[in-house]
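Worksheet: the structure to be examined is printed underneath.
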Amino acid sequence: MFNFKKISAVLTSVVMLGSTMGIAAAANYPSPFISGGTANVAVVYGSSSPNGVDQIPAISIQADLQSKMPSTTTGTTATASGGDSVQITRGSEKLNLGDGIATVWGTSLTDSDLPTLLKDGTYKNANNDEYEYIQKIDLGNLSFAHFSDSDYNDKEPTLGFHINANTFILNYTIDFNTDPESSHGTDLTDFESTDLTILGKDYFILDFKNSTAKITLLDAAETTTLTEGESKTLTVGDKTYDVSIEFIGSSSVKLKVNDEVTNSLSATETYKLSDGSYVGIKEINTQDYAGGIKQVEFSIGKGKLELTHGSAVELNDKTIDDLYAYITLGNSGSKRTLQKIVIRWQTEEETFLTPEQELLMPGFEAVKLTMGETTFPAKETTTVTYSGDEVIEIKTTIKDGEVTIPILYASTVVGGNFTGIGKAADETLATSNTSELIYNATSGADAGFVVSWANARDSESYYLKATVSRDSTTYVNKTTITNKVTGETVCKDLDPASSSTCTIGNVILTINDVDYTSGGDRIVNMSVNSGGSFHELYTAEGLKIYLPFGSASANTTGTTEKGWISLNQTDANMYSAGYGPTQFTLWFSEEDKNGDLDQKTFNVTLTSSGTSTNRVTVSAVQGDGTAYETASSSKIWRSYVESELATKIDWDKTNSDQYSVDLEYHGGEVYANLFVTAPSVTVTTGSEGVTSLGDIIVKDTEVSSVQGKNLIVVGGSCVNSVAAKLIGGAHCGAAWEEATGVGAGQYLIQSFDNPYADGDEIALLVAGYEAADTVNAQKALLANTVDTTVGKKYTGTTSADLTEAA
């Protein structure tokens, strides 16, 4: 009998199960089992089904219901708030390790991405002529990388952007649809004393020189005209300025600003006040006769920016080496025109962009690049380590739970090489690169075997052992399969002549022969169904591990296949030094972001060598890029696989004689949360709530634990006591056909009132005449429109010929 180990779906922070409210059954499957994103369902299979075969369709139904739950997202998420922002991701394309921004996004950002910072606008010159313009940002191709640097966080290995000196960050462009004109020929005074919006901030054009293509801007300036003998109050930002004329001549002026007197200033000259603000003189007008009027037009701004074509930008009279201005002037007849302004941001020195350090555009301080924490959907650890001096083992998590599997052992003599697969000569791991496995259940031989099943996206692995017995009366040889992780008996007393198959999830083992000799040999010959393997191991999250397989002969067949090991032993030299390899390459393979298995390989090298004592070790690791020590003298070296899943590799050298490695596998797409934002924006990182179905499969003997839920009952009344209650008896064969009208080769899908609930819950029977017919019933349920209203009944023979009964 198959002892079912419950299969849990993703456990989550938001699980909506066990609704206390009855749900009326008046809709098509998956209603009422899932309604409004909430699940109220249990799938019940018969504990008497041979070798648990009805578990397979039950698992398929659970998986289908899970796929109909609200979309689930696990792991770290990042959100931006407080202003304009855009995340560097486009559709399903995200910024994976090793990717450049251009690979994912392209280059340009426009007002559709940053609607305030890059808003289309209208510029008015001094004559109030209007000219429309667009703004855009063209990004450099910064790459998301794993780095370590003495100038960042004490060289701690970091995921982020290591930006070298002279690296292009971005270009900001303001481009006029129709070029603004100056009515004074080459004199650009029509552009002076006007406002221009750049990256969402207003600037006052104090001066514009044609000869050098130089623009002087005041940030957030207030402008006024002051007559000699009067005073005015100006407010700039949160500051107030009382201004009067201290002296005014025909070409120069001194102003008194909050009791601070400026230098003598001519038109277009500026003076820096003690609080860092700037006074700029626009124009001086005097009537040079007794009683004549003397006036000055001036501005006060928070800062002064000077843009000169082809030169570094100057802020408050200091050069910003990271910014360069490019001003394109043109001609329209005799008039000078302004076509385009480009600000190029290029790093002068090395810098870093990480979740702890953002990158703010200097000078303008109007746009920044900022990161949230990197998204890791899961963190599953697989360790390859030593056990004593002679054994290499894998510690990981498979479908049934945590497991430790010895995979190689070395000779006990000094300088001994790898001599066997498993823990020792009397505790070997049986492996095979074919669909057939010869398992030696004799005492002091094989201690276990791994069997796996996989298709393009789904996988499962089991760590099992087989024992052999002989019936003392019939002398029939039998084998029993036990789960080494759970301790459960999977299949008991299998006789190759009769009950020759053992089903575990999607794995089907066929017992071809069981040998029991008087000399003590106990041999099981078994094979696995299509998609199965005896030397590939899949972790719970989907990392594939190629276990060693080979023979004790000099045969080199299979040397190109991952996992092959030529032990090159004979009975005479089994434990002699120098036989077997000194190194073995242990291969791994990641999924891709879509969940497709076996897409990106990497490996670690295992070595057996010694001096006074033989020792086994992880002698090398192969990820991508450079491995960096995690902290000063920690002796743990970190690298990553540059891929969509970015497995982290920590090579532990703390034991000077023997090394190990921890692999953190993420089970889904790993990506940088990079944003381009306004300076006011905050990026926060958290975990999204997840809606998951959870574990909903129970045996018929456990139905009392799911009272009050809608039921999907899998399997007929002969093997499932819940089905028997629904149709009025534990009918088998002809009695089943008489009770249901379903004969050989047919199946039934029928909805009943639920006898285990007091409300409107239903029980949907999904069953066939034989186990194969039950599988067809399950497939028909998932492939067709099935009305689950109580009393509805469907029959058929294949998944495609579902017919509603009269």
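Just so we're on the same page: first chain in the structure tokens is A, next is B, and so on; residues restart at 1 for each chain, and ligands are numbered from 1 in the order they show up.
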
* For Ile343 of chain A: contacts at 6 Å, only C-alpha atoms, fewer than 2 positions along chain excluded, given as a ChimeraX atom specification -> /A:171-172,324-325

* To do: Could you tell me, as a ChimeraX atom specification, which residues of segment 436-652 of chain A DSSP assigns to strand (DSSP E or B) when given the backbone?
  => /A:436-440,446-454,459-470,477-483,489-494,501-504,507-516,522-528,532-533,536-538,544-546,549-551,564-566,583-590,600-610,614-622,624-629,636-640,648-652

* When DSSP works through the backbone of this structure, what residues of segment 35-134 of chain A end up as alpha helix (DSSP H), shown as a ChimeraX atom specification? -> /A:55-67,101-104

* To do: May I ask which of the residues A:Glu297, A:Val43, A:Thr319, A:Ala410 is the closest one to Val722 of chain A, counting only C-alpha atoms?
  => A:Val43

* Asked: If you measure from atom CA of Gly520 of chain A to atom CA of Glu488 of chain A, what distance in Å do you get, rounded to one decimal?
  -> 25.5 Å

* **From A:Ile215, A:Val719, A:Asn655, A:Pro406, residue lying nearest Glu314 of chain A [only C-alpha atoms]** => A:Ile215

Would you give me, as a tab-separated table, each residue of segment 345-396 of chain A having an atom within 12 Å of an atom of segment 136-147 of chain A, along with its shortest atom pair and that distance in Å to one decimal, using only C-alpha atoms and sorting by chain and residue number?
```
residue	atom	partner	partner_atom	distance
A:Trp345	CA	A:Gly140	CA	9.4
A:Gln346	CA	A:Gly140	CA	9.3
A:Thr347	CA	A:Gly140	CA	11.3
A:Thr351	CA	A:Leu142	CA	12.0
A:Phe352	CA	A:Phe147	CA	10.0
A:Leu353	CA	A:Phe144	CA	9.5
A:Thr354	CA	A:Phe144	CA	9.7
A:Val367	CA	A:Ile137	CA	10.0
A:Lys368	CA	A:Ile137	CA	11.6
A:Leu369	CA	A:Leu139	CA	10.4
A:Met371	CA	A:Phe144	CA	10.9
A:Thr374	CA	A:Phe144	CA	10.3
```

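Shortest atom-to-atom contact with Glu669 of chain A among A:Asp389, A:Asp513, A:Glu93, A:Glu373: A:Glu93, counting only C-alpha atoms.
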
* Please provide as number ranges by chain all residues within 8 Å of segment 221-223 of chain A, with the sequence filter that same-chain residues fewer than 3 positions apart are discarded (counting only C-alpha atoms). => A: 203-204, 218, 234-236, 297-302

Could you list, with a cut-off of 10 Å and counting only C-alpha atoms, the residues of segment 430-482 of chain A near segment 392-404 of chain A, each shown with its nearest atom pair and the distance in Å rounded to one decimal, rows sorted by chain and ascending number, as JSON lines?
```
{"residue": "A:Ser459", "atom": "CA", "partner": "A:Lys399", "partner_atom": "CA", "distance": 9.1}
{"residue": "A:Glu460", "atom": "CA", "partner": "A:Lys399", "partner_atom": "CA", "distance": 6.2}
{"residue": "A:Ser461", "atom": "CA", "partner": "A:Ile398", "partner_atom": "CA", "distance": 6.3}
{"residue": "A:Tyr462", "atom": "CA", "partner": "A:Lys399", "partner_atom": "CA", "distance": 7.2}
{"residue": "A:Tyr463", "atom": "CA", "partner": "A:Val403", "partner_atom": "CA", "distance": 8.1}
```

* Any idea what's packed within 6 Å of segment 57-69 of chain A, counting only C-alpha atoms, ignoring anything in its chain fewer than 5 positions away? Could you give it as an MDAnalysis selection string? -> chainID A and resid 37 693 775 778

* Asked: Mind pulling up the distance from atom CA of Ile504 of chain A to atom CA of Val485 of chain A?
  -> 13.5 Å

* Compile the contact shell of Asn710 of chain A as a list of chain:residue names: residues with an atom at most 6 Å away, counting only C-alpha atoms, same-chain residues fewer than 6 positions apart removed. =>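 Everything that qualifies: A:Val41, A:Glu761, A:Ile762, A:Ala763.
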
* Smallest atom-to-atom distance to Gly310 of chain A: which of A:Val528, A:Asp195, A:Lys593, A:Lys214, using only C-alpha atoms? -> A:Lys214

* To do: Using only C-alpha atoms, determine which residues lie at most 12 Å from Gly98 of chain A, disregarding the query and same-chain residues fewer than 5 positions distant; provide the list as a PyMOL selection string.
  => chain A and resi 103-104+141-147+159-162+624-625+640-646+670-672

Could you write those residues out with C-alpha atoms, as a CSV table (one decimal), in the first residue's frame?
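Full text of out16.csv as output:
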```csv
chain,number,residue,atom,x,y,z
A,103,THR,CA,19.5,45.0,-22.8
A,104,VAL,CA,16.3,45.4,-20.9
A,141,ASN,CA,24.3,50.9,-20.4
A,142,LEU,CA,25.2,50.4,-16.8
A,143,SER,CA,25.5,46.7,-15.9
A,144,PHE,CA,24.0,44.9,-12.9
A,145,ALA,CA,27.0,43.1,-11.4
A,146,HIS,CA,28.6,41.3,-8.4
A,147,PHE,CA,31.6,43.3,-7.2
A,159,LEU,CA,25.1,43.1,-5.9
A,160,GLY,CA,24.7,46.5,-7.6
A,161,PHE,CA,26.4,48.7,-10.1
A,162,HIS,CA,30.1,49.3,-9.9
A,624,ASP,CA,30.6,33.3,-13.5
A,625,GLY,CA,32.9,36.2,-12.9
A,640,TYR,CA,27.3,34.0,-8.6
A,641,VAL,CA,26.1,32.3,-11.7
A,642,GLU,CA,25.3,35.1,-14.2
A,643,SER,CA,21.8,34.0,-15.2
A,644,GLU,CA,18.1,34.6,-14.7
A,645,LEU,CA,18.2,32.7,-11.4
A,646,ALA,CA,21.7,33.8,-10.2
A,670,VAL,CA,16.5,37.2,-9.7
A,671,TYR,CA,16.6,40.8,-10.7
A,672,ALA,CA,17.7,44.3,-9.7
```
